[in-house]
$ cat coords_3.txt   # compact mmCIF, C-alpha atoms
# COMPACT_ATOMS: atom_id res chain seq x y z
CA MET A 1348 135.45 73.65 117.87
CA ASN A 1349 137.01 75.33 120.90
CA GLU A 1350 135.11 78.62 120.87
CA THR A 1351 137.70 80.27 123.14
CA ALA A 1352 140.69 79.50 120.87
CA PRO A 1353 142.06 82.33 118.73
CA LEU A 1354 140.87 82.05 115.17
CA ARG A 1355 142.20 83.51 111.95
CA ALA A 1356 138.68 84.82 111.43
CA ARG A 1357 135.22 84.15 112.78
CA ALA A 1358 131.65 85.10 112.10
CA GLU A 1359 129.91 85.24 115.45
CA ILE A 1360 126.19 84.62 115.12
CA ASP A 1361 124.09 85.97 117.98
CA LEU A 1362 121.03 83.74 118.16
CA ALA A 1363 119.51 85.86 120.93
CA ALA A 1364 119.48 88.79 118.50
CA LEU A 1365 117.88 86.58 115.86
CA ARG A 1366 115.14 85.48 118.23
CA ALA A 1367 114.50 89.10 119.21
CA ASN A 1368 114.28 90.07 115.54
CA VAL A 1369 111.68 87.37 114.90
CA ARG A 1370 109.62 88.59 117.83
CA THR A 1371 109.85 92.14 116.47
CA LEU A 1372 108.68 90.99 113.05
CA ARG A 1373 105.77 89.13 114.61
CA ALA A 1374 104.78 92.40 116.29
CA HIS A 1375 104.92 94.20 112.94
CA ALA A 1376 102.48 91.65 111.47
CA PRO A 1377 100.29 90.60 114.40
CA SER A 1378 97.51 89.15 112.23
CA ALA A 1379 99.79 86.98 110.10
CA ALA A 1380 102.03 83.98 110.62
CA VAL A 1381 105.77 84.56 110.13
CA MET A 1382 108.00 82.61 107.76
CA ALA A 1383 111.72 82.87 108.50
CA VAL A 1384 113.60 82.49 105.24
CA VAL A 1385 116.81 80.51 105.74
CA LYS A 1386 117.93 80.16 102.13
CA SER A 1387 121.62 80.41 101.21
CA ASP A 1388 122.65 78.94 104.56
CA ALA A 1389 120.45 81.49 106.35
CA TYR A 1390 121.97 84.39 104.41
CA GLY A 1391 125.40 83.15 105.47
CA HIS A 1392 124.51 82.76 109.16
CA GLY A 1393 124.07 78.96 109.36
CA ALA A 1394 120.75 77.46 108.32
CA VAL A 1395 120.08 74.82 110.96
CA PRO A 1396 120.84 76.80 114.15
CA CYS A 1397 119.11 79.88 112.74
CA ALA A 1398 116.05 77.86 111.72
CA ARG A 1399 115.78 76.37 115.20
CA ALA A 1400 116.16 79.79 116.85
CA ALA A 1401 113.52 81.32 114.58
CA LEU A 1402 111.05 78.57 115.46
CA GLU A 1403 111.79 79.06 119.16
CA ALA A 1404 110.90 82.74 118.77
CA GLY A 1405 107.54 82.02 117.17
CA ALA A 1406 108.11 81.70 113.44
CA THR A 1407 105.76 78.96 112.27
CA TRP A 1408 107.16 78.53 108.74
CA LEU A 1409 110.63 78.24 107.28
CA GLY A 1410 111.47 79.09 103.69
CA THR A 1411 114.29 78.09 101.37
CA ALA A 1412 115.01 78.73 97.73
CA THR A 1413 116.12 75.27 96.62
CA PRO A 1414 114.61 71.92 97.56
CA GLU A 1415 118.06 70.71 98.54
CA GLU A 1416 118.20 73.41 101.22
CA ALA A 1417 114.82 72.34 102.55
CA LEU A 1418 115.76 68.66 102.51
CA ALA A 1419 118.93 69.48 104.48
CA LEU A 1420 116.77 71.03 107.19
CA ARG A 1421 114.69 67.87 107.37
CA ALA A 1422 117.83 65.71 107.45
CA ALA A 1423 118.96 67.74 110.48
CA GLY A 1424 115.64 67.04 112.21
CA VAL A 1425 114.15 70.52 111.83
CA PRO A 1426 110.36 70.18 112.20
CA GLY A 1427 107.38 72.19 111.05
CA ARG A 1428 106.29 73.74 107.81
CA VAL A 1429 109.06 74.27 105.29
CA MET A 1430 108.48 75.77 101.85
CA CYS A 1431 110.89 75.74 98.90
CA TRP A 1432 110.34 77.54 95.60
CA LEU A 1433 113.27 77.40 93.17
CA TRP A 1434 112.71 74.28 91.07
CA THR A 1435 114.14 73.05 87.79
CA PRO A 1436 112.88 70.13 85.70
CA GLY A 1437 113.87 66.76 87.12
CA GLY A 1438 114.25 68.14 90.65
CA PRO A 1439 113.85 66.00 93.77
CA TRP A 1440 110.05 66.20 93.79
CA ARG A 1441 109.44 62.79 95.32
CA GLU A 1442 111.96 63.42 98.11
CA ALA A 1443 110.24 66.73 98.82
CA VAL A 1444 106.81 65.11 98.94
CA GLU A 1445 108.04 62.38 101.26
CA ALA A 1446 109.75 64.96 103.48
CA ASP A 1447 106.42 66.78 103.88
CA LEU A 1448 107.63 70.01 102.28
CA ASP A 1449 105.44 72.68 100.70
CA VAL A 1450 106.58 73.09 97.11
CA SER A 1451 105.97 76.04 94.82
CA VAL A 1452 104.55 75.60 91.32
CA SER A 1453 104.77 78.38 88.74
CA GLY A 1454 103.82 76.53 85.56
CA MET A 1455 102.38 73.41 84.01
CA TRP A 1456 105.66 71.48 83.73
CA ALA A 1457 106.19 71.76 87.49
CA LEU A 1458 102.62 70.76 88.27
CA ARG A 1459 102.97 67.65 86.11
CA GLU A 1460 106.23 66.66 87.78
CA VAL A 1461 104.94 67.08 91.32
CA VAL A 1462 101.74 65.18 90.51
CA ALA A 1463 103.83 62.29 89.15
CA ALA A 1464 106.04 62.38 92.24
CA ALA A 1465 103.03 62.30 94.54
CA ALA A 1466 101.65 59.30 92.66
CA ALA A 1467 104.98 57.51 93.03
CA ALA A 1468 105.20 58.39 96.72
CA GLY A 1469 101.62 57.39 97.41
CA VAL A 1470 100.91 60.55 99.39
CA PRO A 1471 99.52 63.90 98.27
CA ALA A 1472 101.95 66.75 97.67
CA ARG A 1473 101.55 70.09 99.38
CA VAL A 1474 101.58 72.64 96.58
CA GLN A 1475 101.59 76.43 96.57
CA LEU A 1476 100.70 78.18 93.32
CA LYS A 1477 102.83 81.21 92.57
CA ALA A 1478 101.45 84.16 90.62
CA ASP A 1479 103.70 86.52 88.68
CA THR A 1480 102.12 89.84 89.59
CA GLY A 1481 104.89 91.92 88.07
CA LEU A 1482 108.32 90.83 89.30
CA GLY A 1483 108.93 88.91 86.08
CA ARG A 1484 110.90 86.03 87.58
CA SER A 1485 109.18 82.80 88.60
CA GLY A 1486 105.42 82.69 88.92
CA CYS A 1487 102.53 82.13 86.55
CA GLN A 1488 101.51 84.97 84.26
CA PRO A 1489 97.89 86.15 84.62
CA ALA A 1490 97.07 84.88 81.13
CA ASP A 1491 98.15 81.36 82.10
CA TRP A 1492 96.66 81.41 85.60
CA PRO A 1493 93.25 79.90 84.67
CA GLU A 1494 94.87 76.82 83.13
CA LEU A 1495 97.21 76.31 86.10
CA VAL A 1496 94.40 76.73 88.62
CA GLU A 1497 92.12 74.35 86.71
CA GLU A 1498 94.78 71.65 86.43
CA ALA A 1499 95.77 72.04 90.07
CA LEU A 1500 92.15 71.66 91.17
CA ARG A 1501 91.82 68.56 89.01
CA ALA A 1502 94.93 67.07 90.64
CA GLU A 1503 93.58 67.97 94.07
CA ALA A 1504 90.25 66.30 93.29
CA GLY A 1505 92.22 63.20 92.29
CA GLY A 1506 93.99 63.14 95.63
CA ARG A 1507 97.43 63.87 94.19
CA ILE A 1508 97.99 67.31 95.69
CA ARG A 1509 96.68 69.66 98.34
CA ILE A 1510 96.76 73.33 97.33
CA THR A 1511 98.11 74.87 100.51
CA GLY A 1512 98.93 78.37 99.34
CA LEU A 1513 98.68 81.15 96.80
CA TRP A 1514 101.58 83.56 96.69
CA SER A 1515 103.61 86.15 94.84
CA HIS A 1516 106.61 88.42 95.35
CA PHE A 1517 107.10 92.18 95.19
CA ALA A 1518 109.60 93.85 92.89
CA CYS A 1519 109.93 97.23 94.64
CA ALA A 1520 108.60 96.88 98.18
CA ASP A 1521 111.86 98.42 99.41
CA GLU A 1522 110.78 101.64 97.65
CA PRO A 1523 107.58 102.67 99.46
CA GLY A 1524 105.35 104.62 97.11
CA HIS A 1525 106.69 102.94 93.98
CA PRO A 1526 103.66 102.50 91.69
CA SER A 1527 104.43 98.83 91.08
CA VAL A 1528 103.73 97.99 94.72
CA ARG A 1529 100.05 98.97 94.57
CA ALA A 1530 99.70 97.46 91.11
CA GLN A 1531 101.12 94.13 92.23
CA LEU A 1532 98.98 94.08 95.35
CA ALA A 1533 95.81 94.71 93.32
CA LEU A 1534 96.71 92.03 90.78
CA PHE A 1535 97.51 89.53 93.52
CA ARG A 1536 94.08 90.11 95.06
CA GLU A 1537 92.47 89.53 91.64
CA MET A 1538 94.39 86.30 91.03
CA VAL A 1539 93.64 85.01 94.52
CA THR A 1540 89.95 85.82 94.09
CA TYR A 1541 89.88 84.01 90.75
CA ALA A 1542 91.40 80.88 92.28
CA GLU A 1543 89.15 80.94 95.33
CA GLU A 1544 86.01 81.45 93.27
CA ARG A 1545 86.88 78.26 91.42
CA GLY A 1546 87.30 76.27 94.60
CA VAL A 1547 90.85 76.74 95.82
CA ARG A 1548 90.92 76.86 99.62
CA PRO A 1549 94.47 77.88 100.54
CA GLU A 1550 95.77 77.71 104.05
CA VAL A 1551 97.93 80.78 103.41
CA ARG A 1552 98.02 83.67 100.96
CA HIS A 1553 101.24 85.65 100.99
CA ILE A 1554 103.12 88.33 99.10
CA ALA A 1555 104.91 90.37 101.81
CA ASN A 1556 108.69 90.14 102.01
CA SER A 1557 110.83 91.89 104.66
CA PRO A 1558 110.25 95.48 103.48
CA ALA A 1559 106.52 94.93 102.99
CA THR A 1560 106.29 93.31 106.42
CA LEU A 1561 107.80 96.43 107.95
CA THR A 1562 106.07 99.13 105.89
CA LEU A 1563 102.94 97.79 104.15
CA PRO A 1564 100.44 96.23 106.59
CA GLU A 1565 97.76 95.77 103.92
CA SER A 1566 100.05 93.24 102.22
CA HIS A 1567 100.33 90.88 105.20
CA PHE A 1568 97.41 88.53 104.36
CA ASP A 1569 97.89 85.20 106.21
CA LEU A 1570 101.68 84.94 106.17
CA VAL A 1571 104.71 87.21 105.81
CA ARG A 1572 108.01 85.96 104.43
CA THR A 1573 110.85 87.62 106.31
CA GLY A 1574 114.37 87.15 105.05
CA ILE A 1575 117.10 89.73 105.60
CA ALA A 1576 115.19 91.38 108.47
CA VAL A 1577 115.46 88.15 110.50
CA TYR A 1578 119.22 88.72 110.49
CA GLY A 1579 118.88 92.31 111.69
CA ILE A 1580 119.68 94.09 108.45
CA SER A 1581 117.41 96.80 107.10
CA PRO A 1582 115.85 95.79 103.77
CA SER A 1583 115.65 99.44 102.84
CA PRO A 1584 118.38 101.63 104.37
CA GLU A 1585 116.89 104.68 102.67
CA ILE A 1586 113.80 104.51 104.87
CA GLY A 1587 115.22 103.15 108.10
CA THR A 1588 118.17 101.66 109.93
CA PRO A 1589 117.87 98.33 111.73
CA ALA A 1590 117.36 100.25 114.99
CA ASP A 1591 114.55 102.27 113.41
CA PHE A 1592 112.71 98.99 112.78
CA GLY A 1593 113.61 97.47 116.16
CA LEU A 1594 116.11 95.03 114.65
CA ARG A 1595 119.64 94.07 115.65
CA PRO A 1596 122.33 92.73 113.29
CA VAL A 1597 123.09 89.09 114.07
CA MET A 1598 126.54 88.59 112.51
CA THR A 1599 129.83 90.04 113.73
CA LEU A 1600 132.78 89.36 111.44
CA SER A 1601 136.24 89.66 112.96
CA ALA A 1602 139.79 88.51 112.31
CA SER A 1603 143.08 88.36 114.19
CA LEU A 1604 145.86 90.69 113.09
CA ALA A 1605 148.45 88.47 111.47
CA LEU A 1606 151.28 90.99 111.40
CA VAL A 1607 152.08 94.57 112.44
CA LYS A 1608 155.18 96.22 110.97
CA HIS A 1609 156.85 99.57 110.45
CA VAL A 1610 157.34 100.82 106.91
CA PRO A 1611 158.82 104.03 105.53
CA GLY A 1612 156.97 106.69 103.62
CA GLY A 1613 156.49 106.06 99.92
CA HIS A 1614 156.04 102.31 100.44
CA GLY A 1615 153.60 100.59 98.09
CA VAL A 1616 150.93 98.37 99.61
CA SER A 1617 149.36 95.30 98.01
CA TYR A 1618 148.92 94.47 94.33
CA GLY A 1619 149.27 97.32 91.89
CA HIS A 1620 150.48 99.75 94.57
CA HIS A 1621 147.17 101.58 94.50
CA TYR A 1622 148.05 102.75 97.99
CA VAL A 1623 151.41 104.28 98.86
CA THR A 1624 152.16 105.27 102.44
CA PRO A 1625 152.22 109.05 102.80
CA GLY A 1626 154.93 108.85 105.48
CA PRO A 1627 156.47 106.45 107.99
CA THR A 1628 153.70 104.34 109.47
CA THR A 1629 152.64 100.94 110.70
CA LEU A 1630 150.72 98.45 108.61
CA GLY A 1631 148.44 95.72 109.89
CA LEU A 1632 147.82 92.52 107.96
CA ILE A 1633 144.28 91.14 108.20
CA PRO A 1634 144.13 87.50 107.09
CA VAL A 1635 140.88 87.47 105.12
CA GLY A 1636 140.28 88.27 101.48
CA TYR A 1637 137.94 87.83 98.58
CA ALA A 1638 138.14 84.03 98.92
CA ASP A 1639 136.49 84.57 102.31
CA GLY A 1640 133.87 86.86 100.82
CA ILE A 1641 135.52 90.22 101.46
CA PRO A 1642 134.48 92.25 98.41
CA ARG A 1643 137.40 93.25 96.19
CA HIS A 1644 135.26 96.22 95.18
CA ALA A 1645 135.89 97.58 98.68
CA SER A 1646 139.62 97.94 97.99
CA GLY A 1647 140.68 101.30 99.35
CA THR A 1648 137.31 101.92 101.01
CA GLY A 1649 136.33 99.03 103.31
CA PRO A 1650 136.22 100.03 107.00
CA VAL A 1651 137.71 98.00 109.88
CA LEU A 1652 137.85 98.68 113.64
CA VAL A 1653 141.33 98.03 115.05
CA GLY A 1654 142.43 99.27 118.44
CA GLY A 1655 139.29 101.31 118.91
CA LYS A 1656 139.76 103.27 115.68
CA TRP A 1657 138.26 102.97 112.20
CA ARG A 1658 140.85 102.02 109.61
CA THR A 1659 140.40 101.67 105.87
CA VAL A 1660 141.56 98.92 103.54
CA ALA A 1661 144.89 100.13 102.17
CA GLY A 1662 145.23 99.14 98.54
CA ARG A 1663 143.68 96.08 96.98
CA VAL A 1664 141.87 93.28 98.78
CA ALA A 1665 143.73 90.09 97.82
CA MET A 1666 142.46 86.53 97.80
CA ASP A 1667 143.44 85.74 101.38
CA GLN A 1668 144.39 89.01 103.03
CA PHE A 1669 144.34 92.77 103.02
CA VAL A 1670 146.25 95.56 104.74
CA VAL A 1671 145.20 98.53 106.85
CA ASP A 1672 147.33 101.58 107.60
CA LEU A 1673 147.51 101.85 111.40
CA GLY A 1674 148.95 105.35 111.32
CA GLY A 1675 151.79 104.55 113.70
CA ASP A 1676 149.69 102.62 116.23
CA GLU A 1677 151.15 99.28 117.26
CA PRO A 1678 148.49 96.80 118.33
CA ALA A 1679 149.93 93.38 119.06
CA PRO A 1680 149.69 90.60 116.48
CA GLY A 1681 146.59 88.60 117.34
CA SER A 1682 144.63 91.72 118.26
CA GLU A 1683 141.05 91.76 117.07
CA ALA A 1684 140.05 93.50 113.86
CA VAL A 1685 136.28 93.88 113.56
CA LEU A 1686 135.08 94.21 109.99
CA PHE A 1687 131.42 94.59 110.84
CA GLY A 1688 128.87 93.95 113.55
CA PRO A 1689 125.87 95.63 115.19
CA GLY A 1690 127.81 98.88 115.64
CA ASP A 1691 127.54 98.96 119.44
CA ARG A 1692 131.30 99.21 119.97
CA GLY A 1693 131.80 101.74 117.23
CA GLU A 1694 132.57 99.05 114.69
CA PRO A 1695 131.39 99.29 111.07
CA THR A 1696 128.20 97.53 110.04
CA ALA A 1697 127.42 95.36 107.05
CA GLU A 1698 125.68 98.40 105.59
CA ASP A 1699 128.94 100.37 105.86
CA TRP A 1700 130.68 97.65 103.85
CA ALA A 1701 127.83 97.64 101.34
CA ARG A 1702 128.31 101.36 100.74
CA ALA A 1703 132.06 100.88 100.46
CA ALA A 1704 131.62 98.16 97.85
CA GLY A 1705 128.71 99.72 95.97
CA THR A 1706 126.34 96.87 96.77
CA ILE A 1707 123.69 95.88 99.33
CA ALA A 1708 124.14 94.48 102.83
CA TYR A 1709 122.37 91.25 101.76
CA GLU A 1710 125.39 90.46 99.59
CA ILE A 1711 127.94 91.33 102.28
CA VAL A 1712 126.68 88.78 104.81
CA THR A 1713 125.64 86.12 102.30
CA ARG A 1714 128.99 85.97 100.53
CA ILE A 1715 131.11 85.25 103.64
CA GLY A 1716 132.76 81.98 102.67
CA THR A 1717 133.12 78.59 104.28
CA ARG A 1718 136.72 79.22 105.40
CA VAL A 1719 135.27 81.55 108.02
CA PRO A 1720 133.83 79.46 110.87
CA ARG A 1721 130.38 80.39 112.15
CA VAL A 1722 130.40 80.52 115.93
CA HIS A 1723 126.83 80.48 117.23
CA VAL A 1724 126.40 82.12 120.61
CA ASN A 1725 123.39 82.47 122.91
CA ARG A 1726 122.00 79.16 121.73
CA GLU A 1727 119.75 78.82 124.75
CA GLN A 1728 116.33 80.44 124.58
CA ASP A 1729 116.22 83.61 126.70
CA GLY A 1730 113.96 83.72 129.70
$ encode --input "coords_3.txt" --output "structure tokens"
Amino acid sequence: MNETAPLRARAEIDLAALRANVRTLRAHAPSAAVMAVVKSDAYGHGAVPCARAALEAGATWLGTATPEEALALRAAGVPGRVMCWLWTPGGPWREAVEADLDVSVSGMWALREVVAAAAAAGVPARVQLKADTGLGRSGCQPADWPELVEEALRAEAGGRIRITGLWSHFACADEPGHPSVRAQLALFREMVTYAEERGVRPEVRHIANSPATLTLPESHFDLVRTGIAVYGISPSPEIGTPADFGLRPVMTLSASLALVKHVPGGHGVSYGHHYVTPGPTTLGLIPVGYADGIPRHASGTGPVLVGGKWRTVAGRVAMDQFVVDLGGDEPAPGSEAVLFGPGDRGEPTAEDWARAAGTIAYEIVTRIGTRVPRVHVNREQDG
């Protein structure tokens, strides 16, 4: 791709900002290793270049949800420890074992499948046992933990697996002071102690996600799993902006104005005419829509920087485009419209779009579709 050519739209990914964020997160958890989570194509930022940049900045683990995501990293030649945790029966266990991945096991069916895969591969599987300490998603319930631990130890004694980790996940770490946080932390300690007293010798114990990494040092254990914070977005806007945590947003989403035209007052705009011009004005057509991940829920509220001024989505966001009222200004077609970025130039941020759409910034960046090219800048390691 010619990175200097005008594009309908582009998501510029600043890898220098990502590396700086990883270094900041390492400083927040100096006694723990850092896992950079690159699931969902690195939260929409591009998994392979972001994984490489995170490793360059000192992350020693990578994390994905699905095994397919982890296997894609290996296929691209990404080295190091990679953990994946969202498994379904019949998943690519043998491929994961042969690719030297760490796989998560939450129940007996998964343990049986990975043991069989390790036998077929002829090499032991690296397995991390997940405890459900209160989130209620994946993970082994405390009542079932003794059986899982016992069977895992038996498989380890037989040379089929190596138990590399014990882990869990918080439900409300983005709400400091929520009673579930302390309760989960106490239960995790109990379940880890139980496993270790019976002979499990994990390389890593981990429960801290991005908000816990930033606000709960007693949860850091041996490893912290940092997801959205790697990409410079606050995991808890109520308690701090990215700048408050020393983070910088990595993605800037922009588009080229496709059309600027004069219209009279009383002119309806977009489907349903939910916006009608209050007087003679100029309209700008921005060629991205909900097929590109622009939330339709931000119709009438989504902010855009055009010509140095904040504009608002006029009327409904359509599949491929939306309109802004330029208030009589006449920027040239092809002028840049910045939907969100770090905010340095006065542009909106992903958090601004999240508020406009009634959602969270995680969803704003992750949903940007494949029609929007990712342009990775600052690929070279600083310094």
$ residues_around --input "coords_3.txt" --residues "A:Arg1421" --least-positions-apart "4" --cutoff "12 Å" --atoms "only C-alpha atoms" --output "list in words"
Ala1394, Val1395, Ala1398, Arg1399, Leu1409, Thr1411, Pro1414, Glu1415, Glu1416, Ala1417, Val1425, Pro1426, Gly1427, Arg1428, Val1429, Met1430, Glu1442, Ala1443, Val1444, Glu1445, Ala1446, Asp1447 and Leu1448 of chain A
$ atom_distance --input "coords_3.txt" --atom1 "atom CA of A:His1567" --atom2 "atom CA of A:His1553"
6.8 Å
$ residues_around --input "coords_3.txt" --residues "A:Ala1502" --least-positions-apart "2" --cutoff "12 Å" --atoms "only C-alpha atoms" --output "JSON, numbers by chain"
{"A": [1455, 1458, 1459, 1460, 1461, 1462, 1463, 1465, 1466, 1471, 1472, 1473, 1474, 1495, 1496, 1497, 1498, 1499, 1500, 1504, 1505, 1506, 1507, 1508, 1509, 1510, 1547]}
$ atom_distance --input "coords_3.txt" --atom1 "atom CA of A:Pro1720" --atom2 "atom CA of A:Ile1575"
20.3 Å
$ closest_residue --input "coords_3.txt" --among "A:Gly1674, A:Gly1424, A:Gly1662, A:Pro1493" --to "A:Pro1625" --atoms "all atoms listed in the file"
A:Gly1674
$ closest_residue --input "coords_3.txt" --among "A:Val1671, A:Leu1594, A:Leu1513, A:Ala1533" --to "A:Asp1569" --atoms "only C-alpha atoms"
A:Leu1513
$ closest_residue --input "coords_3.txt" --among "A:Gly1469, A:Pro1558, A:Gly1574, A:Pro1549" --to "A:Ala1401" --atoms "all atoms listed in the file"
A:Gly1574
$ closest_residue --input "coords_3.txt" --among "A:Arg1370, A:Arg1572, A:His1392, A:Arg1484" --to "A:Gly1410" --atoms "all atoms listed in the file"
A:Arg1572
$ closest_residue --input "coords_3.txt" --among "A:Phe1517, A:Thr1480, A:Thr1562, A:Ser1581" --to "A:Glu1537" --atoms "only C-alpha atoms"
A:Thr1480
$ residues_around --input "coords_3.txt" --residues "stretch 1637-1649 of chain A" --least-positions-apart "6" --cutoff "10 Å" --atoms "all atoms listed in the file" --output "PyMOL selection string"
chain A and resi 1356+1621-1622+1657-1671+1686+1695+1699-1706+1710-1719
$ write_last_selection --input "coords_3.txt" --atoms "C-alpha atoms" --output "mmCIF file, in the frame of the given file"
data_model
loop_
_atom_site.group_PDB
_atom_site.id
_atom_site.type_symbol
_atom_site.label_atom_id
_atom_site.label_comp_id
_atom_site.auth_asym_id
_atom_site.auth_seq_id
_atom_site.Cartn_x
_atom_site.Cartn_y
_atom_site.Cartn_z
ATOM 1 C CA ALA A 1356 138.680 84.820 111.430
ATOM 2 C CA HIS A 1621 147.170 101.580 94.500
ATOM 3 C CA TYR A 1622 148.050 102.750 97.990
ATOM 4 C CA TRP A 1657 138.260 102.970 112.200
ATOM 5 C CA ARG A 1658 140.850 102.020 109.610
ATOM 6 C CA THR A 1659 140.400 101.670 105.870
ATOM 7 C CA VAL A 1660 141.560 98.920 103.540
ATOM 8 C CA ALA A 1661 144.890 100.130 102.170
ATOM 9 C CA GLY A 1662 145.230 99.140 98.540
ATOM 10 C CA ARG A 1663 143.680 96.080 96.980
ATOM 11 C CA VAL A 1664 141.870 93.280 98.780
ATOM 12 C CA ALA A 1665 143.730 90.090 97.820
ATOM 13 C CA MET A 1666 142.460 86.530 97.800
ATOM 14 C CA ASP A 1667 143.440 85.740 101.380
ATOM 15 C CA GLN A 1668 144.390 89.010 103.030
ATOM 16 C CA PHE A 1669 144.340 92.770 103.020
ATOM 17 C CA VAL A 1670 146.250 95.560 104.740
ATOM 18 C CA VAL A 1671 145.200 98.530 106.850
ATOM 19 C CA LEU A 1686 135.080 94.210 109.990
ATOM 20 C CA PRO A 1695 131.390 99.290 111.070
ATOM 21 C CA ASP A 1699 128.940 100.370 105.860
ATOM 22 C CA TRP A 1700 130.680 97.650 103.850
ATOM 23 C CA ALA A 1701 127.830 97.640 101.340
ATOM 24 C CA ARG A 1702 128.310 101.360 100.740
ATOM 25 C CA ALA A 1703 132.060 100.880 100.460
ATOM 26 C CA ALA A 1704 131.620 98.160 97.850
ATOM 27 C CA GLY A 1705 128.710 99.720 95.970
ATOM 28 C CA THR A 1706 126.340 96.870 96.770
ATOM 29 C CA GLU A 1710 125.390 90.460 99.590
ATOM 30 C CA ILE A 1711 127.940 91.330 102.280
ATOM 31 C CA VAL A 1712 126.680 88.780 104.810
ATOM 32 C CA THR A 1713 125.640 86.120 102.300
ATOM 33 C CA ARG A 1714 128.990 85.970 100.530
ATOM 34 C CA ILE A 1715 131.110 85.250 103.640
ATOM 35 C CA GLY A 1716 132.760 81.980 102.670
ATOM 36 C CA THR A 1717 133.120 78.590 104.280
ATOM 37 C CA ARG A 1718 136.720 79.220 105.400
ATOM 38 C CA VAL A 1719 135.270 81.550 108.020
#
$ axis_aligned_box --input "coords_3.txt" --around "stretch 1389-1400 of chain A" --padding-each-side "6 Å" --output "JSON"
{"center_x": 120.6, "center_y": 79.6, "center_z": 110.6, "size_x": 21.6, "size_y": 21.6, "size_z": 24.4}
